[in-house]
Structures are given as C-alpha cells and as structure tokens.
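*Asks:* Okay, handing you the structure first.
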Amino acid sequence: LASLGVADLRAGRYDRARSQFRDALALFRDLGDRAGQARALTNLGGVALHQGDSGKAAGYLEEALECFRAAGDRVGEGHALANLSHIEIQLGMDAEAEAHLQNALVLNRAAGDEAGEAHTLANLGQIALRQGRHQIAFGDFERAHAVFLAEGNRTAEAKLLTSLGLASLRLNRPEQAREYLSESLERIRATGDRSGEAEALNGLGEVALATDDLSAAVAHYKASLRLATRTGDKYELARAYEGLGRYFDLIGSTGRARARWRQAYAHYAELGVPEAEQ
C-alpha cells in the first residue's frame with residue numbers, strides 16, 4: 001500500500017495516494033511498526049505539501065520525526081529533518097530550515113548515509129539559491145546530483161538537474177541552464193513525476209524569458225499550467241501564472257498580465273510563501 005501510494009504521488013494522483021498512505025499507516029500502527037508509521041506519515045506530508053497545506057504537512061512530518069526517534073532509526077531521523085526543512089524553505093523560514101539541515105547532516109554522516117546527505121545538500125542549496133549565494137547553491141546541487149546519479153536514483157537525479165538549471169540561470173549562464181532543464185524534463189517524464197515535470201517546464205519558461213524567446217516561454221508556462229491544474233500542485237500553478245504575467249507584460253498586454261499576477265498572488269497567498277509579497 002505504501003509503495004502504491006508513492007507511485008500515485010509521483011503521478012500526481014494525490015487523493016488516491018493519500019488514501020493508500022492512510023491505509024498503510026493504520027496497518028503499521030496495528031503492527032506496532034514505528035519505522036513503517038514514520039514512512040507513511042512522511043509520505044502523507046508530501047501529499048499535503050503538494051496540495052498546498054503546509055501546516056498539515058509539517059504536522060505529519062513532526063509526527064514522523066518522533067516515530068523515527070522512538071524506533072532508534074537515525075537514518076530515518078535525518079531524512080525527516082531534511083523533509084521538514086523543505087516546508088520551512090518554502091515558507092521562507094531559512095534559519096529554522098538551516099538548523100534542521102545541519103542536524104540532519106550530522107546524522108547522515110554518522111550513519112554513512114550518502115543518499116540522505118545528498119538530500120540535505122540539495123535543501124541547503126535551495127536556501128543558498130534564494131539568498132543570492134548562487135555559486136554555493138550550484139556546488140551543493142552538483143555534489144547531490146553526483147550521489148543520486150551514482151546510486152541510480154532517477155527521480156532525485158532528474159530533479160537535481162532542474163535545480164542545477166535554475167542555479168545556472170542565476171549565474172547568467174542561460175544556455176547551460178537550458179541544457180540542464182531540457183535534460184531534466186526528458187528524464188522526469190520517463191519517471192512519471194508530474195510535479196517535477198511542471199517544475200522543469202516553469203524553469204524552461206524562465207530561461208526562455210531571460211533569452212527573449214517569448215514564443216517558447218509562453219508554450220512552457222502554458223504546458224506547466226495545464227499539468228499543475230490537473231494534479232492540483234498549487235505552487236507550480238502559481239509559478240506558471242507568474243511567468244505568464246511576465247510574458248503578457250513584456251508584449252504590452254497589461255490587463256492580461258495583471259489578471260495572471262492576481263491568480264499567482266492568490267495561490268501564493270494561500271500557500272503562505274514569500275513569493276506572495278514579491
């Protein structure tokens with residue numbers, strides 16, 4: 001049930017995934033399997049996050065953290081801290097996220113958990129990227145990507161290519177950014193990760209706007225919008241509306257730009273993320 005839920009989560013079937021994880025959680029509780037409960041709770045947190053309920057997601061992940069600690073699962077504890085930091089990063093709580101990630105890094109290294117360390121580095125890179133430390137972010141993403149590539153973790157490796165693309169764009173390397181994001185999109189589509197696909201499309205839209213390729217920009221943003229609408233991923237939906245607003249503003253269609261930015265703002269405000277004020 002837990003594995004079926006993961007498949008549904010990656011495919012953007014969030015309601016079905018939530019049902020699978022709840023059923024798995026109930027069985028793990030009947031068995032007294034604390035590590036199993038923690039994994040199910042972590043995945044329920046992932047569903048809630050994609051559907052825009054960061055408070056519920058944090059609640060699930062905090063409960064998962066306690067279960068991992070009760071089970072003495074240090075590897076799981078490190079992963080739970082990294083997952084909790086992901087919510088904090090999205091909400092702009094950088095100090096709290098960094099504290100959790102530094103603790104996770106200690107646990108990852110003590111356990112020899114290279115995959116966990118890679119996830120932690122990826123999240124530290126997200127903080128650095130938002131704070132304008134673009135070269136540091138790129139280095140964190142590059143090290144994490146190398147681990148996932150070596151381990152054959154196709155989903156995580158593809159998502160790191162998206163992060164490398166965005167960092168490259170911030171470093172004024174648009175062609176490199178396009179290469180990373182195009183490769184990411186191809187690999188993500190092969191894994192069936194619909195949320196990751198919308199994220200990569202939004203990234204390609206940013207690159208296209210930065211290089212004045214307006215026809216490509218609007219195509220990428222519209223494709224992301226359709227995908228995020230279908231899956232209910234509110235964050236990527238807001239990013240697509242924001243990008244379309246920039247596109248319409250650039251072609252002088254002020255009314256349509258304003259309408260798209262209002263839609264973006266509504267979703268960002270509902271999520272409670274810093275992008276709303278921006």
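Lettering and numbering for the structure tokens are positional, with chains as A, B, ... in the shown order, residues counted from 1 in each chain, and ligands counted from 1 in the shown order.
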So that I can see what lies close to segment 188-205 of chain A, please list as an MDAnalysis selection string the residues with an atom at most 8 Å from it, counting only C-alpha atoms and leaving out residues fewer than 6 positions away in the same chain.
*Replies:* chainID A and resid 10:12 154:155 158:159 162 165:166 178 181:182 216:221 223:225 227:228 231 233 236 239:240 243
*Asks:* With N, CA, C and O atoms retained, write the just-selected residues as a short mmCIF file (atom, residue, chain, number, x, y, z; two decimals), in the first residue's frame.
*Replies:*
data_model
loop_
_atom_site.label_atom_id
_atom_site.label_comp_id
_atom_site.auth_asym_id
_atom_site.auth_seq_id
_atom_site.Cartn_x
_atom_site.Cartn_y
_atom_site.Cartn_z
N ARG A 10 3.81 10.31 -7.21
CA ARG A 10 4.66 10.77 -8.32
C ARG A 10 3.85 11.07 -9.58
O ARG A 10 4.22 11.94 -10.36
N ALA A 11 2.76 10.34 -9.74
CA ALA A 11 1.92 10.54 -10.92
C ALA A 11 0.93 11.69 -10.74
O ALA A 11 0.16 11.99 -11.64
N GLY A 12 0.96 12.33 -9.56
CA GLY A 12 0.06 13.45 -9.30
C GLY A 12 -1.35 13.06 -8.94
O GLY A 12 -2.24 13.90 -8.95
N ARG A 154 16.77 7.75 -10.14
CA ARG A 154 16.43 8.52 -11.34
C ARG A 154 15.56 9.73 -11.03
O ARG A 154 15.74 10.79 -11.62
N THR A 155 14.62 9.58 -10.10
CA THR A 155 13.72 10.69 -9.79
C THR A 155 14.49 11.85 -9.15
O THR A 155 14.37 13.00 -9.56
N ALA A 158 16.99 13.52 -11.59
CA ALA A 158 16.35 14.39 -12.57
C ALA A 158 15.95 15.72 -11.94
O ALA A 158 16.12 16.79 -12.55
N LYS A 159 15.43 15.68 -10.70
CA LYS A 159 15.03 16.92 -10.03
C LYS A 159 16.24 17.80 -9.72
O LYS A 159 16.15 19.03 -9.74
N THR A 162 17.05 20.00 -12.56
CA THR A 162 16.23 21.21 -12.55
C THR A 162 16.88 22.28 -11.68
O THR A 162 17.00 23.45 -12.06
N GLY A 165 19.83 23.74 -13.28
CA GLY A 165 19.43 24.66 -14.34
C GLY A 165 19.06 26.02 -13.78
O GLY A 165 19.48 27.07 -14.32
N LEU A 166 18.31 26.06 -12.69
CA LEU A 166 17.91 27.34 -12.09
C LEU A 166 19.12 28.08 -11.52
O LEU A 166 19.23 29.30 -11.64
N ARG A 178 19.46 26.02 -19.93
CA ARG A 178 18.53 25.36 -20.84
C ARG A 178 18.91 23.88 -21.02
O ARG A 178 18.03 23.00 -21.06
N LEU A 181 17.88 21.95 -17.83
CA LEU A 181 16.43 21.85 -17.68
C LEU A 181 15.81 20.97 -18.75
O LEU A 181 14.84 20.24 -18.48
N SER A 182 16.34 21.02 -19.96
CA SER A 182 15.82 20.15 -21.03
C SER A 182 16.10 18.69 -20.71
O SER A 182 15.23 17.82 -20.91
N ALA A 216 8.63 30.43 -26.99
CA ALA A 216 8.96 29.25 -26.18
C ALA A 216 8.51 29.45 -24.74
O ALA A 216 8.00 28.52 -24.10
N ALA A 217 8.67 30.67 -24.23
CA ALA A 217 8.29 30.95 -22.84
C ALA A 217 6.80 30.68 -22.61
O ALA A 217 6.43 29.99 -21.66
N VAL A 218 5.96 31.22 -23.48
CA VAL A 218 4.52 31.06 -23.27
C VAL A 218 4.12 29.59 -23.44
O VAL A 218 3.24 29.09 -22.72
N ALA A 219 4.79 28.88 -24.33
CA ALA A 219 4.48 27.45 -24.52
C ALA A 219 4.83 26.65 -23.27
O ALA A 219 4.05 25.80 -22.82
N HIS A 220 5.99 26.93 -22.69
CA HIS A 220 6.40 26.20 -21.49
C HIS A 220 5.49 26.50 -20.31
O HIS A 220 5.07 25.59 -19.58
N TYR A 221 5.16 27.77 -20.12
CA TYR A 221 4.31 28.14 -18.99
C TYR A 221 2.90 27.56 -19.14
O TYR A 221 2.30 27.11 -18.16
N ALA A 223 2.11 24.83 -20.74
CA ALA A 223 2.19 23.38 -20.51
C ALA A 223 2.26 23.08 -19.01
O ALA A 223 1.61 22.15 -18.51
N SER A 224 3.03 23.88 -18.28
CA SER A 224 3.12 23.71 -16.83
C SER A 224 1.78 23.99 -16.17
O SER A 224 1.37 23.28 -15.24
N LEU A 225 1.10 25.03 -16.66
CA LEU A 225 -0.20 25.40 -16.10
C LEU A 225 -1.20 24.25 -16.25
O LEU A 225 -1.93 23.91 -15.31
N LEU A 227 -0.57 21.07 -16.59
CA LEU A 227 -0.15 19.94 -15.76
C LEU A 227 -0.44 20.19 -14.28
O LEU A 227 -0.99 19.33 -13.58
N ALA A 228 -0.08 21.38 -13.80
CA ALA A 228 -0.29 21.71 -12.39
C ALA A 228 -1.78 21.81 -12.06
O ALA A 228 -2.19 21.46 -10.95
N THR A 231 -2.99 18.15 -11.68
CA THR A 231 -2.55 17.45 -10.47
C THR A 231 -2.95 18.18 -9.19
O THR A 231 -3.00 17.58 -8.12
N ASP A 233 -1.16 20.86 -8.04
CA ASP A 233 0.07 21.35 -7.41
C ASP A 233 0.03 22.88 -7.40
O ASP A 233 0.35 23.54 -8.40
N GLU A 236 3.46 25.13 -8.19
CA GLU A 236 3.86 25.20 -9.59
C GLU A 236 2.78 25.91 -10.42
O GLU A 236 3.10 26.56 -11.42
N ARG A 239 3.55 29.52 -9.98
CA ARG A 239 4.73 29.88 -10.78
C ARG A 239 4.38 30.05 -12.26
O ARG A 239 4.88 30.95 -12.93
N ALA A 240 3.52 29.17 -12.76
CA ALA A 240 3.11 29.27 -14.17
C ALA A 240 2.33 30.56 -14.42
O ALA A 240 2.57 31.26 -15.41
N GLY A 243 4.77 33.48 -14.41
CA GLY A 243 5.54 33.55 -15.65
C GLY A 243 4.71 34.07 -16.81
O GLY A 243 5.19 34.87 -17.62
#
*Asks:* Could you list, as a list in words, every residue within 12 Å of Glu275 of chain A, counting only C-alpha atoms and ignoring same-chain residues fewer than 2 positions away?
*Replies:*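 So, after excluding close chain neighbours, the residues are Ile89, Gln90, Leu91, Gly92, Arg130, Tyr235, Glu236, Ala238, Arg239, Glu242, Trp261, Ala264, Tyr265, Ala266, His267, Tyr268, Ala269, Glu270, Leu271, Gly272, Val273, Glu277 and Gln278 of chain A.
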*Asks:* Mind checking which residues fall within 9 Å of segment 93-99 of chain A, counting only C-alpha atoms, ignoring those fewer than 3 positions away in the same chain, and posting them as a PyMOL selection string?
*Replies:* chain A and resi 81-82+84-90+102-104+123-124+127
*Asks:* Can I get the selection written as a short mmCIF file (atom, residue, chain, number, x, y, z; two decimals), in the first residue's frame, with all heavy atoms?
*Replies:*
data_model
loop_
_atom_site.label_atom_id
_atom_site.label_comp_id
_atom_site.auth_asym_id
_atom_site.auth_seq_id
_atom_site.Cartn_x
_atom_site.Cartn_y
_atom_site.Cartn_z
N LEU A 81 14.21 15.24 9.21
CA LEU A 81 14.65 16.62 9.42
C LEU A 81 14.81 17.35 8.10
O LEU A 81 14.42 18.52 7.96
CB LEU A 81 15.97 16.63 10.20
CG LEU A 81 15.88 16.30 11.69
CD1 LEU A 81 17.27 16.05 12.27
CD2 LEU A 81 15.19 17.44 12.44
N ALA A 82 15.37 16.65 7.10
CA ALA A 82 15.53 17.27 5.78
C ALA A 82 14.18 17.55 5.14
O ALA A 82 13.98 18.60 4.52
CB ALA A 82 16.38 16.36 4.87
N LEU A 84 11.32 18.08 6.74
CA LEU A 84 10.71 19.18 7.47
C LEU A 84 11.30 20.52 7.02
O LEU A 84 10.58 21.51 6.88
CB LEU A 84 10.92 18.98 8.97
CG LEU A 84 10.13 19.87 9.93
CD1 LEU A 84 8.62 19.77 9.67
CD2 LEU A 84 10.44 19.48 11.38
N SER A 85 12.59 20.52 6.75
CA SER A 85 13.24 21.76 6.29
C SER A 85 12.71 22.20 4.94
O SER A 85 12.69 23.39 4.63
CB SER A 85 14.76 21.57 6.22
OG SER A 85 15.13 20.86 5.04
N HIS A 86 12.27 21.24 4.11
CA HIS A 86 11.75 21.59 2.79
C HIS A 86 10.53 22.50 2.92
O HIS A 86 10.38 23.47 2.16
CB HIS A 86 11.38 20.32 2.03
CG HIS A 86 10.90 20.56 0.64
ND1 HIS A 86 11.73 20.94 -0.39
CD2 HIS A 86 9.64 20.51 0.11
CE1 HIS A 86 11.01 21.11 -1.49
NE2 HIS A 86 9.74 20.86 -1.21
N ILE A 87 9.67 22.20 3.88
CA ILE A 87 8.50 23.05 4.13
C ILE A 87 8.94 24.42 4.62
O ILE A 87 8.44 25.46 4.17
CB ILE A 87 7.56 22.38 5.16
CG1 ILE A 87 7.02 21.07 4.61
CG2 ILE A 87 6.41 23.32 5.53
CD1 ILE A 87 6.26 20.25 5.62
N GLU A 88 9.88 24.43 5.54
CA GLU A 88 10.37 25.69 6.10
C GLU A 88 11.02 26.57 5.03
O GLU A 88 10.84 27.80 5.02
CB GLU A 88 11.35 25.40 7.24
CG GLU A 88 10.67 24.76 8.43
CD GLU A 88 11.63 24.10 9.40
OE1 GLU A 88 12.77 23.76 8.99
OE2 GLU A 88 11.25 23.89 10.56
N ILE A 89 11.73 25.93 4.10
CA ILE A 89 12.34 26.68 3.00
C ILE A 89 11.25 27.33 2.15
O ILE A 89 11.32 28.51 1.80
CB ILE A 89 13.22 25.75 2.13
CG1 ILE A 89 14.46 25.32 2.91
CG2 ILE A 89 13.62 26.45 0.83
CD1 ILE A 89 15.22 24.17 2.25
N GLN A 90 10.22 26.57 1.83
CA GLN A 90 9.13 27.10 1.00
C GLN A 90 8.42 28.26 1.70
O GLN A 90 8.00 29.22 1.04
CB GLN A 90 8.13 25.99 0.67
CG GLN A 90 7.17 26.37 -0.44
CD GLN A 90 6.29 25.21 -0.87
OE1 GLN A 90 5.22 24.99 -0.34
NE2 GLN A 90 6.75 24.46 -1.86
N GLN A 102 21.46 21.24 9.35
CA GLN A 102 22.78 20.98 9.96
C GLN A 102 22.70 19.77 10.89
O GLN A 102 23.63 18.95 10.93
CB GLN A 102 23.26 22.22 10.72
CG GLN A 102 23.60 23.42 9.84
CD GLN A 102 24.68 23.13 8.81
OE1 GLN A 102 25.52 22.24 8.99
NE2 GLN A 102 24.66 23.87 7.71
N ASN A 103 21.59 19.63 11.63
CA ASN A 103 21.40 18.44 12.46
C ASN A 103 21.29 17.19 11.59
O ASN A 103 21.83 16.13 11.93
CB ASN A 103 20.13 18.58 13.31
CG ASN A 103 20.30 19.58 14.44
OD1 ASN A 103 21.42 19.86 14.87
ND2 ASN A 103 19.19 20.12 14.93
N ALA A 104 20.57 17.32 10.47
CA ALA A 104 20.42 16.18 9.56
C ALA A 104 21.77 15.76 9.00
O ALA A 104 22.06 14.57 8.87
CB ALA A 104 19.47 16.55 8.42
N ASN A 123 18.76 20.57 -0.19
CA ASN A 123 17.95 21.57 0.51
C ASN A 123 18.79 22.76 0.95
O ASN A 123 18.32 23.91 0.89
CB ASN A 123 17.26 20.92 1.71
CG ASN A 123 16.06 20.09 1.31
OD1 ASN A 123 15.66 20.08 0.15
ND2 ASN A 123 15.48 19.39 2.25
N LEU A 124 20.02 22.52 1.38
CA LEU A 124 20.91 23.64 1.71
C LEU A 124 21.16 24.49 0.47
O LEU A 124 21.25 25.72 0.55
CB LEU A 124 22.24 23.11 2.27
CG LEU A 124 22.20 22.61 3.71
CD1 LEU A 124 23.47 21.84 4.05
CD2 LEU A 124 22.02 23.76 4.69
N ILE A 127 18.33 26.96 -0.03
CA ILE A 127 18.44 28.15 0.82
C ILE A 127 19.46 29.12 0.23
O ILE A 127 19.21 30.33 0.12
CB ILE A 127 18.86 27.75 2.25
CG1 ILE A 127 17.76 26.93 2.92
CG2 ILE A 127 19.16 29.00 3.10
CD1 ILE A 127 18.15 26.37 4.28
#
*Asks:* Which residues come within 10 Å of Leu27 of chain A, counting only C-alpha atoms, excluding same-chain residues fewer than 6 positions away, as a list of chain:residue names?
*Replies:*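 My reading of the contact set: A:Leu1, A:Phe21, A:Asp33, A:Gly36, A:Gln37.
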*Asks:* Distance atom CA of Arg226 of chain A-atom CA of Gln51 of chain A, one decimal place?
*Replies:*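 Value for the atom CA of Arg226 of chain A-atom CA of Gln51 of chain A distance: 15.6 Å.
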*Asks:* At a cut-off of 9 Å, using only C-alpha atoms, what residues contact Gly78 of chain A? Leave out same-chain residues fewer than 3 positions from it and give the result as a VMD selection string.
*Replies:* chain A and resid 65 73 to 75 81 to 83 100 to 101 103 to 108 116 to 117 120
*Asks:* Between A:Arg34, A:Arg170, A:Arg13, A:Arg18, which is the closest to Arg69 of chain A once you count only C-alpha atoms?
*Replies:* A:Arg34
*Asks:* Neighbouring residues of Ile251 of chain A were defined as those with any atom within 9 Å, considering only C-alpha atoms; residues of the same chain fewer than 4 positions away were excluded. Please report them as an MDAnalysis selection string.
*Replies:* chainID A and resid 214 246:247
*Asks:* Could you pull the residues within 9 Å of Arg22 of chain A, counting only C-alpha atoms, minus those fewer than 6 positions along the same chain, as a list in words?
*Replies:*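 Those residues are Ala2, Ala40, Leu41 and Leu44 of chain A.
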*Asks:* Please, could you write that set of residues out with N, CA and C atoms as a PDB file, in the first residue's frame?
*Replies:*
ATOM      1  N   ALA A   2       1.914   1.233   0.811  1.00  0.00           N
ATOM      2  CA  ALA A   2       2.800   2.400   0.871  1.00  0.00           C
ATOM      3  C   ALA A   2       3.485   2.623  -0.475  1.00  0.00           C
ATOM      4  N   ALA A  40       5.025   6.202   6.334  1.00  0.00           N
ATOM      5  CA  ALA A  40       3.681   6.558   5.855  1.00  0.00           C
ATOM      6  C   ALA A  40       3.356   8.010   6.186  1.00  0.00           C
ATOM      7  N   LEU A  41       3.724   8.453   7.375  1.00  0.00           N
ATOM      8  CA  LEU A  41       3.480   9.843   7.774  1.00  0.00           C
ATOM      9  C   LEU A  41       4.278  10.818   6.912  1.00  0.00           C
ATOM     10  N   LEU A  44       2.455  11.094   3.674  1.00  0.00           N
ATOM     11  CA  LEU A  44       1.241  11.909   3.847  1.00  0.00           C
ATOM     12  C   LEU A  44       1.613  13.393   3.892  1.00  0.00           C
TER      13      LEU A  44
END
*Asks:* Separation of atom CA of Arg256 of chain A and atom CA of Glu206 of chain A, in Å?
*Replies:* 18.4 Å
*Asks:* One decimal, Å: what's the distance from atom CA of Ala122 of chain A over to atom CA of Asp140 of chain A, could you say?
*Replies:*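 Result for atom CA of Ala122 of chain A versus atom CA of Asp140 of chain A: 6.1 Å, one decimal.
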